[in-house]
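*Asks:* Please see the structure below; I have some questions.
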Amino acid sequence: MPDEPAQPWAAQIHKGATAMPIESIQQDMFTVLHGEPVPVVTRWTYDASDPFAVSFAVQTRNDRWIEWFVARDLVVAAFDGPAGEGDIRMSPQLVAGYDIVEFEARSTGGRAVLEVDRALLRRFIDSSIDVVALGHEAMRMDLDKELAKITRSCAG
């Protein structure tokens with residue numbers, strides 16, 4: 001198939017029904033955990049209801065998912081050079097002949113470095129841009145609803 005990636009990673013993009021506007025996308029792919037010989041399954045999700053964020057989840061050995069939310073513009077910036085500060089950092093790399101984006105996530109519990117195929121990640125981001133164009137995110141947000149959520153969480 002001409003759309004198959006040359007790298008040993010797999011990806012599939014799931015989109016909403018074609019009769020209605022696409023509101024979310026999801027792409028599963030194998031990702032290399034730095035220093036580990038066996039790839040792990042990752043799931044990238046973009047939803048128009050949270051237009052500034054991308055969800056990135058890693059499947060554990062117990063079939064649980066550990067999920068992070070990152071700014072979509074951080075992922076976009078990582079195609080051209082190092083991006084991010086603090087807990088989430090990303091940068092393009094060439095590793096053993098593979099064109100990847102290195103994704104580093106830190107927390108109080110530790111640190112994980114993952115290597116994501118750049119072409120597959122680009123395909124995911126391009127699909128997210130088909131859902132909500134870059135620069136149009138604020139038009140998709142219901143600010144009253146978001147403020148109500150923040151107010152409710154602060155009241156408790």
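Letters A, B, ... go to the chains of the structure tokens in the order shown; residues in each chain start at 1; ligands are counted from 1 in the same order.
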Neighbouring residues of Glu36 in chain A were defined as those with any atom within 12 Å, considering only C-alpha atoms; residues of the same chain fewer than 2 positions away were excluded. Please report them as a list in words.
*Replies:*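 The residues that qualify are Thr31, Val32, Leu33, His34, Val38, Pro39, Val40, Ala112, Val113, Leu114 and Glu115 of chain A.
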*Asks:* With a cut-off of 12 Å, could you pull out the residues of range 15-55 of chain A touching range 127-150 of chain A and give me the nearest pair of atoms for each, distance in Å to one decimal, using only C-alpha atoms, ordered by chain and ascending number, as a Markdown table?
*Replies:*
```
| residue | atom | partner | partner_atom | distance |
| --- | --- | --- | --- | --- |
| A:Lys15 | CA | A:Ser127 | CA | 8.9 |
| A:Gly16 | CA | A:Val131 | CA | 10.1 |
| A:Met20 | CA | A:Val131 | CA | 11.7 |
| A:Pro21 | CA | A:Val131 | CA | 8.1 |
| A:Ile22 | CA | A:Val131 | CA | 6.0 |
| A:Glu23 | CA | A:Val131 | CA | 6.1 |
| A:Ser24 | CA | A:Val131 | CA | 6.9 |
| A:Ile25 | CA | A:Ser128 | CA | 6.7 |
| A:Gln26 | CA | A:Ser128 | CA | 9.1 |
| A:Gln27 | CA | A:Ser127 | CA | 9.7 |
| A:Trp44 | CA | A:Ser128 | CA | 10.4 |
| A:Thr45 | CA | A:Ser128 | CA | 8.8 |
| A:Tyr46 | CA | A:Ser128 | CA | 6.2 |
| A:Asp47 | CA | A:Ser128 | CA | 8.1 |
| A:Ala48 | CA | A:Val132 | CA | 6.5 |
| A:Ser49 | CA | A:Met141 | CA | 6.7 |
| A:Asp50 | CA | A:Met141 | CA | 7.2 |
| A:Pro51 | CA | A:Glu137 | CA | 5.2 |
| A:Phe52 | CA | A:Glu137 | CA | 6.1 |
| A:Ala53 | CA | A:Glu137 | CA | 9.6 |
| A:Val54 | CA | A:Ser128 | CA | 9.0 |
| A:Ser55 | CA | A:Ser128 | CA | 11.6 |
```
*Asks:* Could the residues in this selection be saved with N, CA and C atoms as an mmCIF file, in the first residue's frame?
*Replies:*
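out_21.cif written:
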```
data_model
loop_
_atom_site.group_PDB
_atom_site.id
_atom_site.type_symbol
_atom_site.label_atom_id
_atom_site.label_comp_id
_atom_site.auth_asym_id
_atom_site.auth_seq_id
_atom_site.Cartn_x
_atom_site.Cartn_y
_atom_site.Cartn_z
ATOM 1 N N LYS A 15 -11.855 8.719 12.301
ATOM 2 C CA LYS A 15 -12.559 9.995 12.229
ATOM 3 C C LYS A 15 -14.040 9.762 12.439
ATOM 4 N N GLY A 16 -14.727 10.842 12.767
ATOM 5 C CA GLY A 16 -16.166 10.788 12.974
ATOM 6 C C GLY A 16 -16.893 10.434 11.689
ATOM 7 N N MET A 20 -21.659 13.990 9.124
ATOM 8 C CA MET A 20 -21.621 15.135 10.022
ATOM 9 C C MET A 20 -20.195 15.680 10.055
ATOM 10 N N PRO A 21 -20.042 16.923 10.480
ATOM 11 C CA PRO A 21 -18.687 17.459 10.590
ATOM 12 C C PRO A 21 -17.856 16.622 11.559
ATOM 13 N N ILE A 22 -16.604 16.446 11.228
ATOM 14 C CA ILE A 22 -15.707 15.669 12.074
ATOM 15 C C ILE A 22 -15.366 16.515 13.293
ATOM 16 N N GLU A 23 -15.582 15.972 14.475
ATOM 17 C CA GLU A 23 -15.336 16.696 15.719
ATOM 18 C C GLU A 23 -14.121 16.164 16.475
ATOM 19 N N SER A 24 -13.676 14.959 16.149
ATOM 20 C CA SER A 24 -12.518 14.415 16.845
ATOM 21 C C SER A 24 -11.811 13.401 15.972
ATOM 22 N N ILE A 25 -10.544 13.204 16.283
ATOM 23 C CA ILE A 25 -9.762 12.181 15.604
ATOM 24 C C ILE A 25 -8.951 11.442 16.643
ATOM 25 N N GLN A 26 -8.575 10.237 16.300
ATOM 26 C CA GLN A 26 -7.750 9.423 17.183
ATOM 27 C C GLN A 26 -6.790 8.621 16.333
ATOM 28 N N GLN A 27 -5.549 8.556 16.750
ATOM 29 C CA GLN A 27 -4.550 7.785 16.023
ATOM 30 C C GLN A 27 -3.771 6.933 17.011
ATOM 31 N N TRP A 44 -3.087 8.941 20.367
ATOM 32 C CA TRP A 44 -3.166 10.396 20.256
ATOM 33 C C TRP A 44 -4.603 10.746 19.903
ATOM 34 N N THR A 45 -5.194 11.713 20.622
ATOM 35 C CA THR A 45 -6.578 12.089 20.389
ATOM 36 C C THR A 45 -6.690 13.609 20.328
ATOM 37 N N TYR A 46 -7.487 14.078 19.401
ATOM 38 C CA TYR A 46 -7.790 15.500 19.307
ATOM 39 C C TYR A 46 -9.294 15.634 19.234
ATOM 40 N N ASP A 47 -9.860 16.536 20.054
ATOM 41 C CA ASP A 47 -11.301 16.747 20.084
ATOM 42 C C ASP A 47 -11.584 18.241 19.988
ATOM 43 N N ALA A 48 -12.483 18.609 19.095
ATOM 44 C CA ALA A 48 -12.810 20.017 18.873
ATOM 45 C C ALA A 48 -13.391 20.688 20.111
ATOM 46 N N SER A 49 -13.922 19.912 21.052
ATOM 47 C CA SER A 49 -14.471 20.515 22.269
ATOM 48 C C SER A 49 -13.378 21.033 23.201
ATOM 49 N N ASP A 50 -12.147 20.596 22.993
ATOM 50 C CA ASP A 50 -10.980 21.095 23.745
ATOM 51 C C ASP A 50 -9.923 21.442 22.697
ATOM 52 N N PRO A 51 -10.147 22.506 21.915
ATOM 53 C CA PRO A 51 -9.398 22.725 20.688
ATOM 54 C C PRO A 51 -7.919 23.075 20.833
ATOM 55 N N PHE A 52 -7.484 23.472 22.011
ATOM 56 C CA PHE A 52 -6.073 23.812 22.187
ATOM 57 C C PHE A 52 -5.231 22.605 22.599
ATOM 58 N N ALA A 53 -5.868 21.504 22.969
ATOM 59 C CA ALA A 53 -5.152 20.371 23.565
ATOM 60 C C ALA A 53 -5.136 19.134 22.674
ATOM 61 N N VAL A 54 -4.100 18.339 22.885
ATOM 62 C CA VAL A 54 -3.966 17.013 22.296
ATOM 63 C C VAL A 54 -3.787 16.054 23.465
ATOM 64 N N SER A 55 -4.490 14.955 23.432
ATOM 65 C CA SER A 55 -4.336 13.924 24.452
ATOM 66 C C SER A 55 -3.364 12.881 23.921
#
```
*Asks:* Give me the residues near range 82-84 of chain A as a ChimeraX atom specification, where near means some atom within 10 Å (using only C-alpha atoms) and where sequence neighbours in that chain fewer than 6 positions away do not count.
*Replies:* /A:70-71,73-76,90-93,101-104
*Asks:* Running DSSP on the backbone, which parts of chain A land in alpha helix (DSSP H), as a compact mmCIF listing (two decimals) with C-alpha atoms, in the first residue's frame?
*Replies:*
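So states37.txt came out as:
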```txt
# COMPACT_ATOMS: atom_id res chain seq x y z
CA ARG A 72 -1.41 21.26 20.16
CA ASP A 73 0.83 24.19 19.24
CA LEU A 74 3.65 22.55 21.25
CA VAL A 75 3.39 19.45 19.07
CA VAL A 76 3.30 21.62 15.92
CA ALA A 77 6.40 23.54 17.07
CA ARG A 118 7.56 12.10 12.76
CA ALA A 119 5.55 11.31 9.61
CA LEU A 120 2.80 9.57 11.59
CA LEU A 121 2.65 12.38 14.11
CA ARG A 122 2.51 14.90 11.25
CA ARG A 123 -0.41 12.97 9.72
CA PHE A 124 -2.24 13.12 13.06
CA ILE A 125 -1.62 16.86 13.46
CA ASP A 126 -2.66 17.54 9.86
CA SER A 127 -5.91 15.67 10.56
CA SER A 128 -6.45 17.74 13.71
CA ILE A 129 -6.02 20.88 11.59
CA ASP A 130 -8.75 19.55 9.29
CA VAL A 131 -11.02 19.46 12.38
CA GLU A 137 -9.28 27.33 18.34
CA ALA A 138 -10.79 30.20 20.36
CA MET A 139 -13.79 30.30 18.03
CA ARG A 140 -14.59 26.69 18.96
CA LEU A 143 -15.97 30.35 27.28
CA ASP A 144 -19.04 30.50 29.54
CA LYS A 145 -19.01 26.72 29.89
CA GLU A 146 -15.26 26.68 30.61
CA LEU A 147 -15.57 29.43 33.23
CA ALA A 148 -18.44 27.54 34.87
CA LYS A 149 -16.24 24.42 35.10
CA ILE A 150 -13.41 26.41 36.69
CA THR A 151 -15.79 28.12 39.11
CA ARG A 152 -17.34 24.78 40.14
CA SER A 153 -13.92 23.20 40.72
CA CYS A 154 -12.82 26.16 42.90
CA ALA A 155 -16.03 26.12 44.95
```
*Asks:* CA of Ser107 in chain A and CA of Gly81 in chain A are how many Å apart?
*Replies:*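 So the two atoms, CA of Ser107 in chain A and CA of Gly81 in chain A, lie 22.8 Å apart.
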*Asks:* So the first atom is CA of Ala78 in chain A and the second is CA of Ala96 in chain A; what is the distance between them in Å, to one decimal place?
*Replies:*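 For CA of Ala78 in chain A relative to CA of Ala96 in chain A, the distance reads 19.2 Å.
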*Asks:* May I ask which of the residues A:Asp28, A:Asp63, A:Asp80, A:Asp87 is the closest one to Ala105 in chain A, counting only C-alpha atoms?
*Replies:* A:Asp87
*Asks:* Distance CA of Thr42 in chain A-CA of Phe56 in chain A, one decimal place?
*Replies:*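 About the pair CA of Thr42 in chain A and CA of Phe56 in chain A: they are 7.0 Å apart.
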*Asks:* Give the strand (DSSP E) residues of chain A, as DSSP finds them on the backbone, and put them as a ChimeraX atom specification.
*Replies:* /A:11-15,24-33,40-47,53-59,65-71,88-95,98-107,110-117
